[in-house]
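Next comes final-v4.cif, a file with mmCIF, C-alpha atoms and all ligand atoms.
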data_query
#
loop_
_atom_site.label_atom_id
_atom_site.label_comp_id
_atom_site.auth_asym_id
_atom_site.auth_seq_id
_atom_site.Cartn_x
_atom_site.Cartn_y
_atom_site.Cartn_z
CA MET Y 171 -8.76 16.96 -2.07
CA ALA Y 172 -6.73 15.20 0.64
CA ARG Y 173 -2.98 15.83 0.40
CA ILE Y 174 -1.16 12.56 0.95
CA VAL Y 175 2.52 11.75 1.22
CA VAL Y 176 3.54 8.11 0.84
CA VAL Y 177 6.93 7.16 2.25
CA GLY Y 178 7.48 3.65 0.97
CA SER Y 179 8.72 1.03 -1.46
CA ILE Y 180 8.68 0.70 -5.21
CA ASN Y 181 9.43 -2.65 -6.91
CA MET Y 182 9.38 -4.28 -10.30
CA ASP Y 183 7.05 -7.28 -9.96
CA LEU Y 184 8.09 -10.41 -11.90
CA VAL Y 185 4.70 -12.10 -12.16
CA THR Y 186 4.20 -15.73 -13.22
CA THR Y 187 0.76 -17.29 -13.49
CA VAL Y 188 0.41 -21.04 -12.83
CA LYS Y 189 -2.45 -23.53 -12.38
CA ARG Y 190 -1.18 -24.34 -8.89
CA ARG Y 191 1.81 -23.13 -6.91
CA PRO Y 192 4.71 -25.66 -6.69
CA GLU Y 193 5.41 -27.70 -3.53
CA PRO Y 194 8.97 -27.44 -2.10
CA GLY Y 195 11.39 -29.19 -4.50
CA GLU Y 196 8.79 -29.39 -7.30
CA THR Y 197 8.97 -27.79 -10.77
CA VAL Y 198 5.75 -26.81 -12.52
CA SER Y 199 5.11 -25.16 -15.91
CA GLY Y 200 3.98 -21.57 -15.77
CA GLU Y 201 1.38 -20.12 -18.14
CA LYS Y 202 2.30 -16.47 -18.51
CA PHE Y 203 5.08 -14.12 -17.37
CA SER Y 204 4.81 -10.33 -17.04
CA LEU Y 205 6.81 -7.43 -15.62
CA VAL Y 206 4.47 -5.09 -13.73
CA PRO Y 207 5.54 -2.10 -11.61
CA GLY Y 208 4.54 -2.64 -7.98
CA GLY Y 209 5.78 -2.27 -4.42
CA LYS Y 210 3.42 -1.54 -1.57
CA GLY Y 211 4.36 2.14 -1.37
CA SER Y 212 4.02 2.82 -5.08
CA ASN Y 213 0.78 0.81 -5.36
CA GLN Y 214 -0.75 2.72 -2.45
CA ALA Y 215 0.36 6.07 -3.88
CA ILE Y 216 -1.24 5.31 -7.26
CA ALA Y 217 -4.40 4.02 -5.60
CA ALA Y 218 -4.70 7.14 -3.45
CA ARG Y 219 -4.21 9.34 -6.51
CA ARG Y 220 -6.76 7.44 -8.63
CA ALA Y 221 -9.28 7.59 -5.76
CA GLY Y 222 -9.01 11.39 -5.82
CA GLY Y 223 -6.10 12.38 -3.56
CA GLU Y 224 -3.20 14.73 -4.30
CA VAL Y 225 -0.21 12.45 -3.75
CA GLY Y 226 3.55 12.80 -3.40
CA PHE Y 227 5.89 9.79 -3.19
CA VAL Y 228 9.08 9.58 -1.13
CA GLY Y 229 11.14 6.54 -2.10
CA ALA Y 230 14.09 5.18 -4.06
CA VAL Y 231 14.67 3.34 -7.32
CA GLY Y 232 18.05 1.95 -8.35
CA ASP Y 233 20.18 2.74 -11.41
CA ASP Y 234 19.25 -0.45 -13.29
CA VAL Y 235 16.98 -1.27 -16.29
CA PHE Y 236 13.81 -1.11 -14.17
CA ALA Y 237 14.33 2.36 -12.68
CA ASP Y 238 12.88 4.52 -15.49
CA GLU Y 239 9.78 2.37 -15.88
CA LEU Y 240 9.12 2.42 -12.12
CA ARG Y 241 9.33 6.21 -12.12
CA ARG Y 242 7.20 6.52 -15.28
CA VAL Y 243 4.27 4.59 -13.81
CA LEU Y 244 4.06 7.06 -10.90
CA VAL Y 245 4.34 10.07 -13.21
CA ASP Y 246 1.66 8.70 -15.56
CA ALA Y 247 -0.69 8.22 -12.62
CA GLY Y 248 -0.18 11.85 -11.55
CA VAL Y 249 1.81 11.09 -8.39
CA GLY Y 250 4.46 13.69 -7.47
CA VAL Y 251 7.98 12.26 -7.83
CA SER Y 252 10.17 15.20 -6.81
CA ARG Y 253 11.19 13.21 -3.67
CA LEU Y 254 11.93 9.97 -5.56
CA ARG Y 255 15.68 9.38 -5.51
CA ARG Y 256 17.92 7.15 -7.59
CA ALA Y 257 20.19 4.98 -5.44
CA HIS Y 258 23.27 3.18 -6.73
CA GLY Y 259 22.56 -0.53 -7.43
CA PRO Y 260 19.43 -2.55 -8.26
CA SER Y 261 15.83 -1.42 -7.81
CA GLY Y 262 13.52 -3.43 -5.55
CA VAL Y 263 12.02 -6.53 -7.17
CA ALA Y 264 9.26 -8.95 -6.20
CA ALA Y 265 8.96 -12.51 -7.56
CA ILE Y 266 5.23 -13.25 -7.59
CA ILE Y 267 3.39 -16.48 -8.38
CA VAL Y 268 -0.36 -16.23 -9.00
CA ASP Y 269 -2.42 -19.44 -9.10
CA ASP Y 270 -5.73 -20.28 -10.81
CA GLY Y 271 -7.71 -19.14 -7.77
CA GLY Y 272 -6.08 -15.68 -7.89
CA GLU Y 273 -4.05 -16.34 -4.70
CA ASN Y 274 -0.37 -15.33 -4.70
CA SER Y 275 3.02 -16.03 -3.10
CA ILE Y 276 5.53 -13.16 -3.06
CA ILE Y 277 9.28 -12.88 -2.41
CA VAL Y 278 10.55 -9.28 -2.16
CA VAL Y 279 14.21 -8.26 -2.55
CA GLY Y 280 14.48 -4.70 -1.17
CA GLY Y 281 17.25 -3.30 -3.41
CA ALA Y 282 17.10 0.51 -3.48
CA ASN Y 283 14.21 0.51 -0.97
CA SER Y 284 16.63 -0.77 1.68
CA ARG Y 285 18.84 2.26 1.05
CA LEU Y 286 16.12 4.77 1.99
CA THR Y 287 17.68 5.07 5.42
CA THR Y 288 16.87 8.68 6.24
CA LEU Y 289 14.62 11.56 5.18
CA ASP Y 290 15.99 14.99 4.27
CA GLU Y 291 14.60 18.48 4.97
CA ASP Y 292 12.49 18.54 1.79
CA ASP Y 293 10.92 15.14 2.54
CA LEU Y 294 10.07 16.29 6.06
CA GLU Y 295 8.61 19.55 4.77
CA ALA Y 296 6.33 17.59 2.39
CA ILE Y 297 5.13 15.45 5.30
CA ALA Y 298 4.46 18.53 7.46
CA GLN Y 299 2.35 20.09 4.66
CA ALA Y 300 0.26 16.93 4.06
CA ASP Y 301 -3.08 15.87 5.57
CA VAL Y 302 -2.10 12.20 5.63
CA LEU Y 303 1.20 10.27 5.81
CA LEU Y 304 0.98 6.70 4.52
CA CYS Y 305 3.70 4.12 5.29
CA GLN Y 306 4.29 0.36 5.02
CA LEU Y 307 7.17 -1.86 6.14
CA GLU Y 308 9.15 -2.46 2.92
CA ILE Y 309 11.64 0.31 3.75
CA PRO Y 310 13.94 0.55 6.82
CA LEU Y 311 12.00 0.93 10.07
CA PRO Y 312 14.00 3.98 11.31
CA THR Y 313 12.78 5.86 8.21
CA VAL Y 314 9.16 4.94 8.95
CA LEU Y 315 9.62 6.10 12.54
CA GLN Y 316 11.27 9.37 11.46
CA ALA Y 317 8.39 10.06 9.04
CA ALA Y 318 5.69 9.20 11.59
CA ARG Y 319 7.24 11.30 14.36
CA HIS Y 320 7.53 14.30 12.09
CA ALA Y 321 3.96 13.85 10.86
CA ARG Y 322 2.61 13.64 14.41
CA ALA Y 323 4.50 16.81 15.38
CA HIS Y 324 2.80 18.66 12.49
CA ASP Y 325 -0.77 17.30 12.85
CA THR Y 326 -0.49 15.11 9.77
CA THR Y 327 -2.57 11.93 10.23
CA VAL Y 328 -0.37 8.80 10.22
CA ILE Y 329 -1.64 5.65 8.50
CA LEU Y 330 0.51 2.52 8.77
CA ASN Y 331 -0.06 -0.64 6.77
CA PRO Y 332 2.33 -2.89 8.77
CA SER Y 333 3.11 -5.19 5.87
CA PRO Y 334 5.20 -7.37 5.49
CA VAL Y 335 4.16 -7.92 9.11
CA ARG Y 336 6.72 -8.08 11.91
CA GLU Y 337 6.87 -7.18 15.57
CA LEU Y 338 7.33 -3.43 16.06
CA PRO Y 339 8.70 -1.54 19.07
CA GLU Y 340 6.09 0.29 21.20
CA GLN Y 341 7.57 3.63 20.15
CA VAL Y 342 6.37 3.01 16.58
CA TRP Y 343 2.80 2.18 17.59
CA ALA Y 344 2.71 5.34 19.72
CA GLU Y 345 3.06 7.45 16.54
CA ILE Y 346 0.30 5.75 14.52
CA ASP Y 347 -3.27 7.10 14.18
CA ILE Y 348 -4.66 4.43 11.87
CA ALA Y 349 -3.50 0.86 11.18
CA VAL Y 350 -4.72 -1.10 8.15
CA VAL Y 351 -4.16 -4.85 8.53
CA ASN Y 352 -5.45 -8.08 7.04
CA GLU Y 353 -6.73 -10.89 9.27
CA GLY Y 354 -3.37 -12.70 9.39
CA GLU Y 355 -1.55 -9.50 10.34
CA ALA Y 356 -4.17 -8.68 12.98
CA ALA Y 357 -3.72 -12.13 14.55
CA GLN Y 358 0.08 -11.82 14.50
CA LEU Y 359 0.15 -8.30 15.94
CA GLY Y 360 -2.50 -9.06 18.59
CA ALA Y 361 -2.60 -6.66 21.54
CA ALA Y 362 -0.04 -4.29 19.96
CA LEU Y 363 -2.91 -2.90 17.87
CA ASP Y 364 -4.77 -1.84 21.04
CA ALA Y 365 -2.42 1.17 21.21
CA VAL Y 366 -3.68 2.45 17.84
CA PRO Y 367 -6.79 4.69 17.92
CA HIS Y 368 -8.27 3.50 14.60
CA VAL Y 369 -7.79 -0.05 13.30
CA ILE Y 370 -9.18 -1.31 10.01
CA THR Y 371 -9.02 -5.05 9.38
CA THR Y 372 -9.58 -6.22 5.81
CA LEU Y 373 -11.52 -9.48 5.45
CA GLY Y 374 -10.92 -10.36 1.77
CA ALA Y 375 -14.20 -10.99 -0.06
CA ASP Y 376 -16.11 -10.26 3.17
CA GLY Y 377 -15.13 -6.57 3.23
CA ALA Y 378 -13.55 -4.94 6.28
CA ILE Y 379 -14.21 -3.94 9.85
CA TYR Y 380 -13.33 -0.63 11.53
CA ARG Y 381 -12.66 -0.21 15.26
CA GLY Y 382 -12.55 3.37 16.53
CA PRO Y 383 -11.01 4.98 19.63
CA ASP Y 384 -14.29 4.64 21.54
CA GLY Y 385 -14.31 0.89 20.87
CA ILE Y 386 -17.22 1.23 18.46
CA THR Y 387 -16.97 -1.07 15.45
CA LEU Y 388 -18.27 -0.50 11.95
CA PRO Y 389 -18.50 -3.41 9.49
CA GLN Y 390 -18.23 -2.76 5.76
CA PRO Y 391 -19.61 -5.57 3.59
CA GLY Y 392 -17.55 -6.98 0.72
CA VAL Y 393 -18.24 -6.25 -2.94
CA ARG Y 394 -18.78 -9.40 -5.07
CA VAL Y 395 -16.52 -9.54 -8.13
CA GLU Y 396 -14.82 -12.20 -10.25
CA VAL Y 397 -11.33 -12.62 -8.80
CA VAL Y 398 -8.35 -12.91 -11.20
CA ASP Y 399 -5.43 -11.84 -8.96
CA THR Y 400 -5.45 -10.53 -5.38
CA THR Y 401 -1.95 -8.94 -5.67
CA GLY Y 402 -2.12 -5.28 -4.66
CA ALA Y 403 -5.78 -5.44 -3.55
CA GLY Y 404 -4.81 -4.54 0.03
CA ASP Y 405 -2.64 -1.68 -1.29
CA THR Y 406 -5.52 -0.36 -3.37
CA PHE Y 407 -7.81 -0.58 -0.33
CA THR Y 408 -5.30 1.36 1.79
CA GLY Y 409 -4.64 4.06 -0.83
CA ALA Y 410 -8.34 4.69 -1.39
CA LEU Y 411 -8.92 4.77 2.37
CA ALA Y 412 -6.19 7.41 2.79
CA ALA Y 413 -7.67 9.55 0.00
CA HIS Y 414 -11.09 9.56 1.68
CA TRP Y 415 -10.15 9.47 5.36
CA PRO Y 416 -10.91 13.20 5.76
CA ASP Y 417 -14.54 12.37 4.71
CA GLY Y 418 -14.97 10.12 7.78
CA PRO Y 419 -14.52 6.37 8.38
CA GLU Y 420 -17.85 5.31 6.86
CA ILE Y 421 -17.22 6.94 3.48
CA ALA Y 422 -13.52 6.02 3.49
CA LEU Y 423 -14.36 2.34 4.12
CA ALA Y 424 -16.91 2.25 1.30
CA TRP Y 425 -14.34 3.69 -1.16
CA ALA Y 426 -11.62 1.36 0.12
CA CYS Y 427 -13.70 -1.84 -0.14
CA THR Y 428 -14.97 -0.96 -3.60
CA ALA Y 429 -11.51 -0.02 -4.92
CA GLY Y 430 -9.92 -3.11 -3.31
CA ALA Y 431 -12.52 -5.43 -4.85
CA LEU Y 432 -12.05 -3.91 -8.32
CA ALA Y 433 -8.27 -4.40 -7.99
CA THR Y 434 -8.75 -8.19 -7.80
CA THR Y 435 -10.44 -8.34 -11.22
CA LYS Y 436 -7.21 -7.84 -13.25
CA LEU Y 437 -3.69 -9.29 -13.22
CA GLY Y 438 -0.77 -7.31 -11.75
CA ALA Y 439 -0.47 -4.80 -8.92
CA SER Y 440 -0.30 -1.31 -10.47
CA ALA Y 441 -2.07 -2.53 -13.63
CA SER Y 442 -5.20 -3.43 -11.67
CA ILE Y 443 -5.70 -0.25 -9.61
CA PRO Y 444 -9.11 1.19 -10.58
CA THR Y 445 -9.80 4.74 -11.72
CA ARG Y 446 -11.97 7.14 -9.76
CA ASN Y 447 -14.75 6.73 -12.36
CA ALA Y 448 -14.73 2.95 -12.05
CA ILE Y 449 -14.93 3.15 -8.26
CA GLU Y 450 -17.75 5.72 -8.38
CA ARG Y 451 -19.73 3.63 -10.88
CA LEU Y 452 -19.62 0.58 -8.60
CA LEU Y 453 -20.29 2.64 -5.47
CA SER Y 454 -23.45 4.10 -6.95
CA ARG Y 455 -24.93 0.68 -7.87
O1 LIG Z 501 1.22 -5.80 -1.99
C1 LIG Z 501 1.65 -6.23 -3.26
C2 LIG Z 501 3.07 -5.80 -3.48
O2 LIG Z 501 3.88 -6.48 -2.55
C3 LIG Z 501 3.63 -6.16 -4.84
O3 LIG Z 501 3.42 -5.15 -5.79
C4 LIG Z 501 5.09 -6.44 -4.54
O4 LIG Z 501 5.97 -5.54 -5.13
C5 LIG Z 501 5.21 -6.45 -3.02
O5 LIG Z 501 5.75 -5.30 -2.56
#
Output the structure of this file as structure tokens.
Ligand code: RIB
Amino acid sequence: MARIVVVGSINMDLVTTVKRRPEPGETVSGEKFSLVPGGKGSNQAIAARRAGGEVGFVGAVGDDVFADELRRVLVDAGVGVSRLRRAHGPSGVAAIIVDDGGENSIIVVGGANSRLTTLDEDDLEAIAQADVLLCQLEIPLPTVLQAARHARAHDTTVILNPSPVRELPEQVWAEIDIAVVNEGEAAQLGAALDAVPHVITTLGADGAIYRGPDGITLPQPGVRVEVVDTTGAGDTFTGALAAHWPDGPEIALAWACTAGALATTKLGASASIPTRNAIERLLSR
């Protein structure tokens, strides 16, 4: 079982479903509203756990009404929360609109995630003991860099999902073993990704493509499913990939594409992350 530490965000998602997303200045009637725990870090941790990894989460919730529920969803999934702190003030939240086609628009307010500004000795020890460190960009960049540097120094594989995408200093890319990006992120990051030994680009319904250090590419076809909501599908892909990375890129990609596809068949980020059994059933078809 791969040991994975996720250093990342945890949000309460405020999800509204609508027939079509409003234009600027327009008001439309929504159909349904739900509160669903999310955040890229938390989603990826749960996905890695459900895909078979042993997972610990380093992050922060606030001291508001959402904090206990955000913690509970990790605990229920079997993710270790001994490094989850409670910061003063609000937890992270994401306002999400999902349209009839399953496409979404998301606004994230960092809250407690923004206050995860440094890692302590116990966090660093957990990273040193892990096989894989998994990070995203919803927490302060210096924390991501601190985690990645420490991982590298202790032979822990570093996976970065650079989302929400932004330009990163070269020193960050130098610490990354594997980048997981979607097509838009790949286009925006361009040549910066050349510095990363392994790059996986997700292609939505068309699957994903892997590029290794030798330049060799490996396409992974998409899995056809009925799409309800794409929120968290990339996170599920990335978590499953991390859990199976030690089995080699081919196997990891198959798990990631299958898990990611299944995640689009239900509404809500953490609510749609498939179990190991569900992934295995679809993989063996
Ligand atoms: O990737 C989906 C996630 O992005 C949502 O759960 C939301 O919280 C935002 O972080």
### Message
I need the residue nearest ligand LIG 501 (chain Z) from this list: Y:Ala215, Y:Ala365, Y:Leu432, Y:Val393. Use only C-alpha atoms and all ligand atoms for the distance.
### Response
Y:Ala215
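Among the candidates Y:Ala410, Y:Val263, Y:Ile370, Y:Ala296, the residue lying nearest to Asp183 in chain Y is Y:Val263 (atoms considered: all atoms listed in the file).
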### Task
Please check which protein, DNA or RNA residues sit within 6 Å of ligand LIG 501 (chain Z), counting only C-alpha atoms and all ligand atoms, and write them as number ranges by chain.
Y: 181, 183, 208-210, 264, 401-402, 405, 439
### Residue with smallest distance to Val198 in chain Y - pool Y:Cys427, Y:Pro260, Y:Asp269, Y:Leu437, counting all atoms listed in the file
Y:Asp269
### Option closest in space to Ala424 in chain Y, from Y:Ala221, Y:Leu363, Y:Gly385, Y:Val243 [counting all atoms listed in the file]
Y:Ala221
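Between Thr445 in chain Y and the candidates Y:Ala362, Y:Val342, Y:Ala217, Y:Leu411, the tightest atom-to-atom separation, counting only C-alpha atoms, involves Y:Ala217.
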### Query
Which residues come within 10 Å of Glu273 in chain Y, counting all atoms listed in the file, excluding same-chain residues fewer than 6 positions away, as a PyMOL selection string?
chain Y and resi 190-191+267+397-401+434
Residue contacts of Gly382 in chain Y (7 Å, only C-alpha atoms) excluding same-chain residues fewer than 4 positions away, as an mmCIF file with C-alpha atoms, in the coordinates of the input:
data_model
loop_
_atom_site.group_PDB
_atom_site.id
_atom_site.type_symbol
_atom_site.label_atom_id
_atom_site.label_comp_id
_atom_site.auth_asym_id
_atom_site.auth_seq_id
_atom_site.Cartn_x
_atom_site.Cartn_y
_atom_site.Cartn_z
ATOM 1 C CA PRO Y 367 -6.790 4.690 17.920
ATOM 2 C CA HIS Y 368 -8.270 3.500 14.600
ATOM 3 C CA VAL Y 369 -7.790 -0.050 13.300
ATOM 4 C CA ILE Y 386 -17.220 1.230 18.460
ATOM 5 C CA THR Y 387 -16.970 -1.070 15.450
#
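The space separating CA of Glu291 in chain Y from CA of Gln316 in chain Y comes to 11.7 Å.
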Listed atoms of range 377-380 of chain Y, axis-aligned box, 6 Å per side: centre and edge lengths to one decimal in Å, as JSON?
{"center_x": -14.2, "center_y": -3.6, "center_z": 7.4, "size_x": 13.8, "size_y": 17.9, "size_z": 20.3}
### Query
By how many Å are CA of Ser442 in chain Y and CA of Ser284 in chain Y apart?
25.7 Å
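Proximity ranking of Y:Pro310, Y:Gly178, Y:Gly272, Y:Gly232 relative to Arg256 in chain Y places Y:Gly232 first, based on only C-alpha atoms.
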### Query
Using all atoms listed in the file, what residues lie at most 8 Å away from (-12.7, -3.9, -4.8) (file coordinates), given as a PyMOL selection string?
chain Y and resi 392-393+395+403+407+426-434
May I have the residues from that selection written out with C-alpha atoms, as a PDB file, keeping the file's coordinate frame?
ATOM      1  CA  GLY Y 392     -17.550  -6.980   0.720  1.00  0.00           C
ATOM      2  CA  VAL Y 393     -18.240  -6.250  -2.940  1.00  0.00           C
ATOM      3  CA  VAL Y 395     -16.520  -9.540  -8.130  1.00  0.00           C
ATOM      4  CA  ALA Y 403      -5.780  -5.440  -3.550  1.00  0.00           C
ATOM      5  CA  PHE Y 407      -7.810  -0.580  -0.330  1.00  0.00           C
ATOM      6  CA  ALA Y 426     -11.620   1.360   0.120  1.00  0.00           C
ATOM      7  CA  CYS Y 427     -13.700  -1.840  -0.140  1.00  0.00           C
ATOM      8  CA  THR Y 428     -14.970  -0.960  -3.600  1.00  0.00           C
ATOM      9  CA  ALA Y 429     -11.510  -0.020  -4.920  1.00  0.00           C
ATOM     10  CA  GLY Y 430      -9.920  -3.110  -3.310  1.00  0.00           C
ATOM     11  CA  ALA Y 431     -12.520  -5.430  -4.850  1.00  0.00           C
ATOM     12  CA  LEU Y 432     -12.050  -3.910  -8.320  1.00  0.00           C
ATOM     13  CA  ALA Y 433      -8.270  -4.400  -7.990  1.00  0.00           C
ATOM     14  CA  THR Y 434      -8.750  -8.190  -7.800  1.00  0.00           C
TER      15      THR Y 434
END
### Point (16.2, -1.1, -6.7), cut-off 9 Å, counting all atoms listed in the file, residues as an MDAnalysis selection string
chainID Y and resid 180:182 230:234 236:237 256:263 279:285
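Across the model, the gap from CA of Leu240 in chain Y to CA of Leu294 in chain Y is 22.9 Å.
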Can you tell me which residues surround Leu311 in chain Y at a distance of at most 10 Å, considering all atoms listed in the file, apart from same-chain residues fewer than 2 positions away, and format the answer as a PDB file with C-alpha atoms, in the coordinates of the input?
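around.pdb, written as the output of this step:
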ATOM      1  CA  SER Y 284      16.630  -0.770   1.680  1.00  0.00           C
ATOM      2  CA  LEU Y 286      16.120   4.770   1.990  1.00  0.00           C
ATOM      3  CA  THR Y 287      17.680   5.070   5.420  1.00  0.00           C
ATOM      4  CA  THR Y 288      16.870   8.680   6.240  1.00  0.00           C
ATOM      5  CA  GLN Y 306       4.290   0.360   5.020  1.00  0.00           C
ATOM      6  CA  LEU Y 307       7.170  -1.860   6.140  1.00  0.00           C
ATOM      7  CA  GLU Y 308       9.150  -2.460   2.920  1.00  0.00           C
ATOM      8  CA  ILE Y 309      11.640   0.310   3.750  1.00  0.00           C
ATOM      9  CA  THR Y 313      12.780   5.860   8.210  1.00  0.00           C
ATOM     10  CA  VAL Y 314       9.160   4.940   8.950  1.00  0.00           C
ATOM     11  CA  LEU Y 315       9.620   6.100  12.540  1.00  0.00           C
ATOM     12  CA  GLN Y 316      11.270   9.370  11.460  1.00  0.00           C
ATOM     13  CA  ALA Y 317       8.390  10.060   9.040  1.00  0.00           C
ATOM     14  CA  LEU Y 338       7.330  -3.430  16.060  1.00  0.00           C
ATOM     15  CA  PRO Y 339       8.700  -1.540  19.070  1.00  0.00           C
ATOM     16  CA  VAL Y 342       6.370   3.010  16.580  1.00  0.00           C
TER      17      VAL Y 342
END
